[in-house]
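Peer 1: Please see the structure below; I have some questions.
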Amino acid sequence: MMRYEVKKVFAKTGSKIALVLLLIVMGITCFFAMDVSYVDGEGNSQSGPAAVSKLRAARKEWAGYLDEEKIREVIAENRRIQSTPEALSQNVDKENIAYGWQQGINDIRDLLNCSYATGFREHDYYRADSLTEDEAASFYENRTKLLREWLESEAKDQYSGEEKAYLIRQYEKMETPLCYDYMTGWQQLFELSSTIIMLTMLILGYLVAGIFSNEFVWKADAVFFSSVYGRNKAVSSKIRAGFWIVTAVYFASFLLYTGVVLLYLGADGWNLPVQANWTAWKCFYNITNWQKYLFIAIGGYVGCLFISFLTMLISAKTRSTVLAVMTPVVLIFIPSFISNIDSPLVNKIIGLLPDQLLQVQMAVGYFNLYEIGGRVVGEVPFILVLYTVLTVVIVPVVYHVYRRLQA
């Protein structure tokens, strides 16, 4: 019976078109994720596998632990490059040549801009150019220092004493010195992961929206509910069909995206701490790139399951496919409008919405904290547990709502 329900979903022309559309959009997204360039010695930009290989080689020359000695070397090398006639020139071609020389240290240079920023929420792309080797010793100290200053000034009323202490402890727990390596593959994979997951959820919303309501659309509800297993096994087969459709489509799309990007750009740096990438320098979760990937994958799956079952519940309750299809759209896009309200309370509320599970890549960078039983937890682990429980709860609700409907 479950196979029959799955066949009914994928037999529809609309479902086939939706899957083709998903593949097309995935291809476009993968193209942008793999769009990595390398500037050669003459200042010309190159792309393709050869460019990826050259960029990897340039960055691997600086791979290793970012201890004081390594930071001093990067500062000295950056200053040497910035003082060359090419870097000082107003000619674009010569500036490109200078940029090509610094490609190997660009990731570390961005970390310097973050560490030596004038404020916790400030970012000056040229800050590294004014550093001296003597400042290398404070590279890691600055990270916690800027956090403390921010918590005592701009964010002094935003967090409780326990929450402030939690953030500082998390910063101090980060193992130093950080290890650096080429990790462009993970950087690009993370950047567009939310796009892939949200697009997949929109397609899934369309696929599962009619599982329960179509019996009424096709005027087959009287036959369905009057059959021997119409109010038990038939209903459970619809739920199981929805579960397997979500599981299969989600992991097929997400793993395909992962495979394409990492096979092209490489999976080097999988075990590096996320803070070794400047975009996650402020992150208070002490995890590696691989662990962040698991967070994103599992979070996206739980989010897709919850929203899909909520879609099926609305489909069963209202008998309307149209209203059910709108559910994922509302849950994904409405929070983006609310987020324009700059308020700590609003941010905490938004942090609890299911769309955050589809955007774990960004959520791990947010400073949303919640106190539960006297214990402070971050947004990502909290919503993972919360929506796993809610998904388990909503399944029997869907079952009981549909089986009690009157034909």
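Identifiers in this document derive from the order of the structure tokens: chains are assigned A, B, ..., residues are numbered from 1 separately in each chain, and ligands are numbered from 1 in order of occurrence.
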Which residues come within 10 Å of Thr388 of chain A, counting only C-alpha atoms, excluding same-chain residues fewer than 4 positions away, as a PyMOL selection string?
Peer 2: chain A and resi 299+301-303+305-306+383-384+392-393
Peer 1: Could you dump the residues just selected with C-alpha atoms as a PDB file, in the first residue's frame?
Peer 2:
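Result file part.pdb:
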```
ATOM      1  CA  GLY A 299      19.283  19.961  10.770  1.00  0.00           C
ATOM      2  CA  TYR A 301      16.611  16.683   7.364  1.00  0.00           C
ATOM      3  CA  VAL A 302      14.774  17.297  10.645  1.00  0.00           C
ATOM      4  CA  GLY A 303      13.487  20.615   9.302  1.00  0.00           C
ATOM      5  CA  LEU A 305      10.554  16.208   8.006  1.00  0.00           C
ATOM      6  CA  PHE A 306       8.795  18.584  10.388  1.00  0.00           C
ATOM      7  CA  ILE A 383      16.098  23.462  17.869  1.00  0.00           C
ATOM      8  CA  LEU A 384      17.494  20.123  16.684  1.00  0.00           C
ATOM      9  CA  VAL A 392       7.620  12.538  16.496  1.00  0.00           C
ATOM     10  CA  VAL A 393       4.554  14.124  18.122  1.00  0.00           C
TER      11      VAL A 393
END
```
Peer 1: Which distance in Å separates atom CA of Phe32 of chain A and atom CA of Ser336 of chain A, to one decimal?
Peer 2: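 Atom-to-atom, atom CA of Phe32 of chain A to atom CA of Ser336 of chain A, that is 22.9 Å.
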Peer 1: Show me, as a list of chain:residue names, the residues that have an atom within 8 Å of Gln170 of chain A when counting only C-alpha atoms, minus same-chain residues fewer than 3 positions from it.
Peer 2: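 So the residues in contact are A:Tyr166, A:Leu167, A:Lys173, A:Met174, A:Phe284, A:Tyr285, A:Asn286.
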Peer 1: Go ahead and dump the residues you just picked, C-alpha atoms, as an mmCIF file, in the first residue's frame.
Peer 2:
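Contents of part37.cif, as written:
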```cif
data_model
loop_
_atom_site.group_PDB
_atom_site.id
_atom_site.type_symbol
_atom_site.label_atom_id
_atom_site.label_comp_id
_atom_site.auth_asym_id
_atom_site.auth_seq_id
_atom_site.Cartn_x
_atom_site.Cartn_y
_atom_site.Cartn_z
ATOM 1 C CA TYR A 166 28.675 30.837 28.803
ATOM 2 C CA LEU A 167 29.868 32.712 25.704
ATOM 3 C CA LYS A 173 37.569 26.475 25.323
ATOM 4 C CA MET A 174 38.709 26.845 21.720
ATOM 5 C CA PHE A 284 31.126 29.943 19.779
ATOM 6 C CA TYR A 285 30.489 26.312 18.796
ATOM 7 C CA ASN A 286 33.805 24.512 19.063
#
```
Peer 1: Do a neighbour search on Asp268 of chain A at 12 Å with only C-alpha atoms, toss out local chain neighbours closer than 6 positions, and write the hits as a PyMOL selection string.
Peer 2: chain A and resi 56-57+59-60+63+180-187+262+289-290
Peer 1: In terms of the shortest atom-to-atom distance over only C-alpha atoms, which of A:Leu272, A:Val235, A:Ile350, A:Ile372 is closest to Val401 of chain A?
Peer 2: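 Going through A:Leu272, A:Val235, A:Ile350, A:Ile372 one by one, the smallest distance to Val401 of chain A is for A:Val235.
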Peer 1: Could you tell me which of A:Lys94, A:Asn271, A:Ile71, A:Val246 comes closest to Asp134 of chain A if we count only C-alpha atoms?
Peer 2: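 Of A:Lys94, A:Asn271, A:Ile71, A:Val246, the one nearest Asp134 of chain A, counting only C-alpha atoms, is A:Ile71.
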Peer 1: Leu369 of chain A: which residues within 9 Å, counting only C-alpha atoms, same-chain residues fewer than 2 positions away excluded, as a list in words?
Peer 2: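 Surrounding residues, per the criterion: Tyr159, Glu163, Lys348, Gly351, Tyr366, Phe367, Glu371, Val376, Val377, Gly378 and Glu379 of chain A.
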Peer 1: Could you take the residues named above and write them with N, CA and C atoms, as a PDB file, in the first residue's frame?
Peer 2:
```pdb
ATOM      1  N   TYR A 159      22.017  39.972  27.092  1.00  0.00           N
ATOM      2  CA  TYR A 159      22.228  38.644  27.676  1.00  0.00           C
ATOM      3  C   TYR A 159      22.252  38.724  29.194  1.00  0.00           C
ATOM      4  N   GLU A 163      24.426  33.814  30.576  1.00  0.00           N
ATOM      5  CA  GLU A 163      24.642  33.701  29.136  1.00  0.00           C
ATOM      6  C   GLU A 163      25.973  34.334  28.737  1.00  0.00           C
ATOM      7  N   LYS A 348      15.458  36.067  19.225  1.00  0.00           N
ATOM      8  CA  LYS A 348      15.306  34.799  19.943  1.00  0.00           C
ATOM      9  C   LYS A 348      14.096  34.031  19.439  1.00  0.00           C
ATOM     10  N   GLY A 351      14.869  32.583  16.131  1.00  0.00           N
ATOM     11  CA  GLY A 351      15.778  31.456  16.298  1.00  0.00           C
ATOM     12  C   GLY A 351      15.079  30.155  16.606  1.00  0.00           C
ATOM     13  N   TYR A 366      24.947  32.673  14.653  1.00  0.00           N
ATOM     14  CA  TYR A 366      24.119  33.557  15.460  1.00  0.00           C
ATOM     15  C   TYR A 366      24.419  33.361  16.941  1.00  0.00           C
ATOM     16  N   PHE A 367      24.184  34.405  17.722  1.00  0.00           N
ATOM     17  CA  PHE A 367      24.429  34.342  19.164  1.00  0.00           C
ATOM     18  C   PHE A 367      23.103  34.240  19.917  1.00  0.00           C
ATOM     19  N   GLU A 371      17.995  29.623  28.019  1.00  0.00           N
ATOM     20  CA  GLU A 371      18.227  29.036  29.339  1.00  0.00           C
ATOM     21  C   GLU A 371      17.128  28.025  29.629  1.00  0.00           C
ATOM     22  N   VAL A 376      22.439  26.987  30.039  1.00  0.00           N
ATOM     23  CA  VAL A 376      22.442  27.783  28.816  1.00  0.00           C
ATOM     24  C   VAL A 376      22.825  26.892  27.631  1.00  0.00           C
ATOM     25  N   VAL A 377      22.047  26.965  26.568  1.00  0.00           N
ATOM     26  CA  VAL A 377      22.342  26.196  25.359  1.00  0.00           C
ATOM     27  C   VAL A 377      22.254  27.107  24.143  1.00  0.00           C
ATOM     28  N   GLY A 378      22.975  26.747  23.099  1.00  0.00           N
ATOM     29  CA  GLY A 378      22.925  27.506  21.867  1.00  0.00           C
ATOM     30  C   GLY A 378      21.705  27.137  21.040  1.00  0.00           C
ATOM     31  N   GLU A 379      21.402  27.974  20.072  1.00  0.00           N
ATOM     32  CA  GLU A 379      20.208  27.783  19.246  1.00  0.00           C
ATOM     33  C   GLU A 379      20.205  26.457  18.496  1.00  0.00           C
TER      34      GLU A 379
END
```
Peer 1: Find the residues around Met312 of chain A up to 9 Å (only C-alpha atoms counted), leave out those fewer than 5 positions away in its own chain, and share them as a ChimeraX atom specification.
Peer 2: /A:205,208-213,239,242,307,317,324,398
Peer 1: Could you write those residues out with C-alpha atoms, as a compact mmCIF listing (two decimals), in the first residue's frame?
Peer 2:
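Writing the result to out11.txt gives the following:
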```txt
# COMPACT_ATOMS: atom_id res chain seq x y z
CA GLY A 205 6.14 20.58 0.05
CA VAL A 208 3.58 15.66 -0.11
CA ALA A 209 0.83 18.29 -0.12
CA GLY A 210 -1.61 16.08 -1.99
CA ILE A 211 -0.99 12.76 -0.25
CA PHE A 212 -4.00 13.24 2.02
CA SER A 213 -6.14 15.78 0.19
CA ILE A 239 2.28 8.61 6.43
CA GLY A 242 5.43 10.79 3.02
CA ILE A 307 7.59 21.01 7.71
CA LYS A 317 -7.34 18.78 8.10
CA ALA A 324 -0.93 22.67 2.17
CA VAL A 398 -1.80 13.36 11.34
```
Peer 1: To one decimal in Å, tell me the separation between atom CA of Glu175 of chain A and atom CA of Asp129 of chain A.
Peer 2: 26.6 Å
Peer 1: Please identify all polymer residues within 10 Å of Ser37 of chain A, counting only C-alpha atoms, omitting same-chain residues fewer than 4 positions from it, and present them as JSON, numbers by chain.
Peer 2: {"A": [44, 45, 46, 47, 48, 49, 50, 51, 52, 54, 55]}
Peer 1: So the first atom is atom CA of Ala297 of chain A and the second is atom CA of Leu192 of chain A; what is the distance between them in Å, to one decimal place?
Peer 2: 12.7 Å
Peer 1: Quick one: of A:Leu88, A:Val274, A:Leu21, A:Ile394, who's nearest to Ile314 of chain A, counting only C-alpha atoms?
Peer 2: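 Closest to Ile314 of chain A, using only C-alpha atoms: A:Ile394.
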Peer 1: Give the answer as one residue: which of A:Asp355, A:Val249, A:Val261, A:Ala363 has the shortest atom-to-atom distance to Ser15 of chain A, using only C-alpha atoms?
Peer 2: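 Counting only C-alpha atoms, the residue closest to Ser15 of chain A is A:Val249.
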Peer 1: From the set A:Leu112, A:Leu207, A:Ala136, A:Leu66, which residue has the shortest atom-to-atom contact distance to Thr176 of chain A, counting only C-alpha atoms?
Peer 2: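 Of A:Leu112, A:Leu207, A:Ala136, A:Leu66, the one nearest Thr176 of chain A is A:Leu66, counting only C-alpha atoms.
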